[in-house]
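The next block is structure35.tsv, given as TSV, C-alpha atoms.
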```tsv
chain	number	residue	atom	x	y	z
A	10	ASP	CA	-31.91	-14.70	-33.69
A	11	THR	CA	-30.42	-14.96	-30.22
A	12	GLY	CA	-27.05	-16.36	-31.20
A	13	VAL	CA	-23.68	-14.65	-31.38
A	14	SER	CA	-23.78	-11.98	-34.05
A	15	GLN	CA	-20.77	-10.72	-35.98
A	16	ASN	CA	-20.46	-7.80	-38.35
A	17	PRO	CA	-19.45	-7.35	-41.05
A	18	ARG	CA	-19.51	-10.89	-42.37
A	19	HIS	CA	-17.09	-10.04	-45.12
A	20	LYS	CA	-14.55	-7.28	-45.44
A	21	ILE	CA	-12.11	-6.59	-48.25
A	22	THR	CA	-9.53	-3.96	-47.47
A	23	LYS	CA	-6.34	-2.63	-48.92
A	24	ARG	CA	-3.08	-3.34	-47.20
A	25	GLY	CA	-2.29	-0.69	-44.65
A	26	GLN	CA	-5.89	0.17	-43.84
A	27	ASN	CA	-7.47	-0.35	-40.44
A	28	VAL	CA	-10.43	-2.65	-39.97
A	29	THR	CA	-12.81	-3.20	-37.09
A	30	PHE	CA	-15.07	-6.15	-36.44
A	31	ARG	CA	-17.96	-6.16	-34.04
A	32	CYS	CA	-19.33	-9.03	-31.99
A	33	ASP	CA	-22.60	-9.12	-30.09
A	34	PRO	CA	-22.61	-12.10	-27.76
A	35	ILE	CA	-25.62	-13.95	-26.47
A	36	SER	CA	-27.18	-11.45	-24.11
A	37	GLU	CA	-26.71	-13.17	-20.77
A	38	HIS	CA	-23.17	-14.36	-21.50
A	39	ASN	CA	-20.46	-12.62	-19.52
A	40	ARG	CA	-17.51	-14.23	-21.29
A	41	LEU	CA	-16.53	-13.34	-24.80
A	42	TYR	CA	-13.72	-14.77	-26.95
A	43	TRP	CA	-11.99	-13.91	-30.20
A	44	TYR	CA	-10.37	-16.53	-32.42
A	45	ARG	CA	-8.73	-16.41	-35.81
A	46	GLN	CA	-8.99	-19.14	-38.40
A	47	THR	CA	-6.98	-19.44	-41.60
A	48	LEU	CA	-7.81	-21.79	-44.44
A	49	GLY	CA	-7.27	-25.42	-43.61
A	50	GLN	CA	-6.53	-24.75	-39.95
A	51	GLY	CA	-8.46	-24.85	-36.74
A	52	PRO	CA	-9.34	-21.68	-34.86
A	53	GLU	CA	-6.53	-20.00	-32.96
A	54	PHE	CA	-7.29	-18.26	-29.67
A	55	LEU	CA	-6.60	-14.53	-29.59
A	56	THR	CA	-8.14	-13.02	-26.47
A	57	TYR	CA	-11.03	-13.16	-24.06
A	58	PHE	CA	-13.10	-10.95	-21.79
A	59	GLN	CA	-15.00	-11.53	-18.62
A	60	ASN	CA	-17.55	-8.74	-18.57
A	61	GLU	CA	-15.54	-5.66	-19.58
A	62	ALA	CA	-12.20	-6.97	-18.30
A	63	GLN	CA	-9.78	-8.34	-20.85
A	64	LEU	CA	-8.26	-11.23	-18.94
A	65	GLU	CA	-6.03	-12.74	-21.58
A	66	LYS	CA	-4.45	-10.92	-24.44
A	67	SER	CA	-1.01	-12.44	-24.74
A	68	ARG	CA	-2.13	-14.40	-27.77
A	69	LEU	CA	-3.01	-11.35	-29.81
A	70	LEU	CA	-0.85	-11.68	-32.88
A	71	SER	CA	0.89	-8.34	-32.72
A	72	ASP	CA	0.45	-4.85	-31.34
A	73	ARG	CA	-1.58	-4.06	-34.45
A	74	PHE	CA	-4.38	-6.13	-32.94
A	75	SER	CA	-6.53	-4.77	-30.15
A	76	ALA	CA	-9.89	-5.67	-28.68
A	77	GLU	CA	-12.33	-3.89	-26.43
A	78	ARG	CA	-15.52	-4.65	-24.61
A	79	PRO	CA	-16.30	-1.29	-23.06
A	80	LYS	CA	-19.61	-2.01	-21.36
A	81	GLY	CA	-19.33	-5.73	-20.99
A	82	SER	CA	-21.74	-6.35	-23.82
A	83	PHE	CA	-20.57	-6.11	-27.43
A	84	SER	CA	-16.90	-6.27	-28.35
A	85	THR	CA	-14.76	-4.92	-31.16
A	86	LEU	CA	-11.59	-6.32	-32.66
A	87	GLU	CA	-9.45	-3.81	-34.50
A	88	ILE	CA	-6.55	-4.56	-36.79
A	89	GLN	CA	-4.41	-1.58	-37.66
A	90	ARG	CA	-2.19	-1.29	-40.73
A	91	THR	CA	-3.48	-4.54	-42.16
A	92	GLU	CA	-1.14	-6.92	-43.92
A	93	GLN	CA	-1.93	-9.67	-46.40
A	94	GLY	CA	-1.14	-12.24	-43.73
A	95	ASP	CA	-4.07	-10.94	-41.71
A	96	SER	CA	-6.46	-12.42	-44.24
A	97	ALA	CA	-8.48	-14.93	-42.26
A	98	MET	CA	-11.81	-15.51	-40.61
A	99	TYR	CA	-12.20	-13.87	-37.24
A	100	LEU	CA	-14.54	-15.75	-34.96
A	101	CYS	CA	-16.24	-14.48	-31.86
A	102	ALA	CA	-17.68	-16.77	-29.21
A	103	SER	CA	-19.38	-16.40	-25.88
A	104	ASN	CA	-20.50	-18.34	-22.88
A	105	GLY	CA	-21.85	-17.71	-19.45
A	106	ASP	CA	-22.65	-19.36	-16.18
A	107	SER	CA	-25.93	-20.68	-17.55
A	108	SER	CA	-24.29	-22.37	-20.51
A	109	GLY	CA	-21.85	-24.44	-18.51
A	110	ASN	CA	-18.80	-25.32	-20.54
A	111	THR	CA	-20.47	-24.88	-23.91
A	112	ILE	CA	-19.05	-22.04	-25.97
A	113	TYR	CA	-21.22	-20.60	-28.72
A	114	PHE	CA	-19.57	-19.29	-31.85
A	115	GLY	CA	-20.74	-16.67	-34.28
A	116	GLU	CA	-20.62	-17.11	-38.04
A	117	GLY	CA	-17.34	-15.28	-38.29
A	118	SER	CA	-16.06	-12.24	-40.15
A	119	TRP	CA	-14.01	-12.92	-43.24
A	120	LEU	CA	-11.16	-10.51	-43.88
A	121	THR	CA	-9.37	-10.29	-47.19
A	122	VAL	CA	-6.43	-7.92	-47.41
A	123	VAL	CA	-5.43	-7.04	-50.97
B	26	SER	CA	0.63	-23.96	-30.49
B	27	GLN	CA	-2.50	-25.96	-31.18
B	28	GLN	CA	-2.83	-28.90	-28.91
B	29	GLY	CA	-5.79	-30.81	-30.24
B	30	GLU	CA	-4.49	-32.60	-33.28
B	31	GLU	CA	-6.83	-34.66	-35.35
B	32	ASP	CA	-5.53	-37.36	-37.60
B	33	PRO	CA	-5.36	-35.07	-40.64
B	34	GLN	CA	-7.53	-36.94	-42.99
B	35	ALA	CA	-10.36	-36.31	-45.32
B	36	LEU	CA	-13.04	-38.95	-45.08
B	37	SER	CA	-15.36	-39.72	-47.92
B	38	ILE	CA	-18.11	-42.16	-47.05
B	39	GLN	CA	-21.47	-43.29	-48.32
B	40	GLU	CA	-24.62	-42.18	-46.62
B	41	GLY	CA	-25.54	-44.66	-43.91
B	42	GLU	CA	-21.97	-45.62	-43.12
B	43	ASN	CA	-20.18	-44.70	-39.90
B	44	ALA	CA	-17.45	-42.10	-39.76
B	45	THR	CA	-14.67	-42.21	-37.19
B	46	MET	CA	-12.06	-39.56	-36.58
B	47	ASN	CA	-9.36	-39.27	-33.97
B	48	CYS	CA	-7.69	-36.54	-31.99
B	49	SER	CA	-4.57	-36.52	-29.88
B	50	TYR	CA	-3.35	-33.91	-27.45
B	51	LYS	CA	-0.23	-33.23	-25.46
B	52	THR	CA	-0.96	-31.75	-22.05
B	53	SER	CA	-3.38	-32.49	-19.23
B	54	ILE	CA	-6.94	-31.36	-19.78
B	55	ASN	CA	-10.12	-30.76	-17.85
B	56	ASN	CA	-12.29	-31.60	-20.82
B	57	LEU	CA	-12.26	-32.12	-24.56
B	58	GLN	CA	-14.86	-30.87	-26.97
B	59	TRP	CA	-15.81	-31.63	-30.55
B	60	TYR	CA	-17.12	-29.02	-32.94
B	61	ARG	CA	-18.53	-29.11	-36.46
B	62	GLN	CA	-17.99	-26.44	-39.07
B	63	ASN	CA	-19.78	-26.23	-42.36
B	64	SER	CA	-17.83	-24.59	-45.13
B	65	GLY	CA	-17.32	-20.89	-44.48
B	66	ARG	CA	-19.49	-20.89	-41.38
B	67	GLY	CA	-18.99	-20.71	-37.65
B	68	LEU	CA	-18.41	-23.64	-35.34
B	69	VAL	CA	-21.20	-25.62	-33.76
B	70	HIS	CA	-20.58	-27.34	-30.46
B	71	LEU	CA	-21.31	-31.06	-30.65
B	72	ILE	CA	-20.27	-32.70	-27.44
B	73	LEU	CA	-18.03	-32.25	-24.40
B	74	ILE	CA	-16.36	-35.04	-22.51
B	75	ARG	CA	-14.74	-34.48	-19.16
B	76	SER	CA	-11.36	-35.88	-18.24
B	77	ASN	CA	-12.93	-38.34	-15.80
B	78	GLU	CA	-15.29	-39.73	-18.43
B	79	ARG	CA	-14.38	-42.46	-20.89
B	80	GLU	CA	-17.32	-42.41	-23.26
B	81	LYS	CA	-20.23	-40.17	-24.02
B	82	HIS	CA	-23.16	-40.36	-26.41
B	83	SER	CA	-25.32	-37.72	-27.96
B	84	GLY	CA	-27.78	-38.86	-30.61
B	85	ARG	CA	-25.73	-40.39	-33.43
B	86	LEU	CA	-22.47	-39.20	-31.90
B	87	ARG	CA	-20.20	-41.25	-29.71
B	88	VAL	CA	-17.08	-39.79	-28.18
B	89	THR	CA	-14.39	-41.68	-26.33
B	90	LEU	CA	-11.54	-40.31	-24.30
B	91	ASP	CA	-8.37	-42.09	-23.29
B	92	THR	CA	-6.42	-39.82	-20.99
B	93	SER	CA	-3.57	-42.33	-20.66
B	94	LYS	CA	-3.00	-42.10	-24.41
B	95	LYS	CA	-4.10	-38.47	-24.60
B	96	SER	CA	-6.48	-39.25	-27.40
B	97	SER	CA	-10.14	-39.04	-28.27
B	98	SER	CA	-12.32	-40.36	-31.03
B	99	LEU	CA	-15.58	-39.16	-32.53
B	100	LEU	CA	-17.89	-41.64	-34.18
B	101	ILE	CA	-20.83	-40.54	-36.27
B	102	THR	CA	-23.19	-43.42	-36.89
B	103	ALA	CA	-25.56	-43.80	-39.83
B	104	SER	CA	-24.12	-40.74	-41.56
B	105	ARG	CA	-26.26	-38.38	-43.57
B	106	ALA	CA	-25.40	-35.98	-46.35
B	107	ALA	CA	-26.00	-33.16	-43.87
B	108	ASP	CA	-23.07	-34.44	-41.79
B	109	THR	CA	-20.71	-33.22	-44.52
B	110	ALA	CA	-18.50	-30.74	-42.67
B	111	SER	CA	-15.16	-30.28	-40.95
B	112	TYR	CA	-14.89	-31.64	-37.44
B	113	PHE	CA	-12.52	-30.20	-34.85
B	114	CYS	CA	-11.53	-31.31	-31.43
B	115	ALA	CA	-10.57	-28.71	-28.86
B	116	THR	CA	-8.94	-29.00	-25.49
B	117	ASP	CA	-8.74	-26.54	-22.66
B	118	GLU	CA	-5.04	-27.18	-22.00
B	119	GLY	CA	-5.96	-27.39	-18.33
B	120	TYR	CA	-6.90	-23.72	-18.20
B	121	GLY	CA	-10.62	-24.20	-18.31
B	122	ASN	CA	-12.62	-23.27	-21.35
B	123	ASN	CA	-11.32	-19.77	-21.57
B	124	ARG	CA	-8.60	-20.69	-23.99
B	125	LEU	CA	-9.40	-23.59	-26.28
B	126	ALA	CA	-6.75	-25.20	-28.45
B	127	PHE	CA	-8.13	-26.59	-31.70
B	128	GLY	CA	-6.70	-29.17	-34.04
B	129	LYS	CA	-6.58	-28.81	-37.80
B	130	GLY	CA	-9.84	-30.64	-38.34
B	131	ASN	CA	-11.13	-33.58	-40.29
B	132	GLN	CA	-13.08	-33.02	-43.50
B	133	VAL	CA	-15.93	-35.46	-43.83
B	134	VAL	CA	-17.86	-35.84	-47.06
B	135	VAL	CA	-20.97	-37.98	-46.98
B	136	ILE	CA	-22.05	-39.05	-50.43
B	137	PRO	CA	-25.80	-39.43	-50.83
```
Starting from the coordinates I provided, produce the structure as structure tokens.
Amino acid sequence: DTGVSQNPRHKITKRGQNVTFRCDPISEHNRLYWYRQTLGQGPEFLTYFQNEAQLEKSRLLSDRFSAERPKGSFSTLEIQRTEQGDSAMYLCASNGDSSGNTIYFGEGSWLTVV
Amino acid sequence: SQQGEEDPQALSIQEGENATMNCSYKTSINNLQWYRQNSGRGLVHLILIRSNEREKHSGRLRVTLDTSKKSSSLLITASRAADTASYFCATDEGYGNNRLAFGKGNQVVVIP
């Protein structure tokens, strides 16, 4: 499968624990995005990278959220000290010069904080 | 804040009928996109329409854009049970596609 891959697909964690999600974009895509989606809502932009540079992070929900893309390939999204309100689906997407304006989304990582 | 705002409705139609959903937005845009999402899954890009285009077709999909009214519509013709999904519009808020603003989505149920 050559699409955007996200792991884990589902994560249940206790409040206060840290969680990390991984995203592997389509291989030739240099831009990578993270979105959050809660039930009944559309995705909400969090941050994006061009290669390894994080060019927009003002929409990260709090300082408990951080994202990295150390080598310009895969990316991780970490949530520290999780709260019940963090329960949501975290979506990763990518695009590149060859894909024009089309952004390709992964299947998402579901987080449930209990 | 989310800019793309669909008419928040759930559509329930019979297979073979057409489904129409609308989206309005607030600021200037470079383009507007429609996505489909099956329950619990990721989003699938359907179609993109640029701000200088008024109508675009892709298979059974027809999208219109009215920049004077800041609105768009998505028409799915001859619906199929497999079209059952949530449909979202997304705008770039004039920033290019690096920061899409999604609406709340329209749930469409196609009854076989």
Quick one: residues within 10 Å of Thr22 of chain A, all atoms listed in the file, excluding same-chain residues fewer than 5 positions away - as a PyMOL selection string? chain A and resi 27-28+91-93+96+120-123
Interatomic distance (Å, one decimal) between atom CA of Ala110 of chain B and atom CA of Phe83 of chain A: 29.0 Å
Using all atoms listed in the file, find each residue of segment 38-132 of chain B with at least one atom at most 10 Å away from an atom of segment 29-42 of chain A; report its shortest atom-to-atom pair and that distance in Å (one decimal), sort the rows by chain and rising residue number, and return the result as JSON lines.
```
{"residue": "B:Asn123", "atom": "CA", "partner": "A:Tyr42", "partner_atom": "CA", "distance": 7.7}
{"residue": "B:Arg124", "atom": "CA", "partner": "A:Tyr42", "partner_atom": "CA", "distance": 8.4}
{"residue": "B:Leu125", "atom": "CA", "partner": "A:Tyr42", "partner_atom": "CA", "distance": 9.8}
```
Coordinates-based distance that separates atom CA of Ile112 of chain A from atom CA of Ser76 of chain B (Å, one decimal): 17.6 Å
Using only C-alpha atoms for the distances, tell me which of B:Thr109, B:Asn63, B:Ser96, B:Ser53 is nearest to chain A.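 Residue with the minimum atom-to-atom distance to chain A: B:Asn63.
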Pick out the chain B residues within 9 Å of chain A. Count only C-alpha atoms. Give them as a PyMOL selection string. chain B and resi 26-27+58+65-70+72-73+113-114+121-130
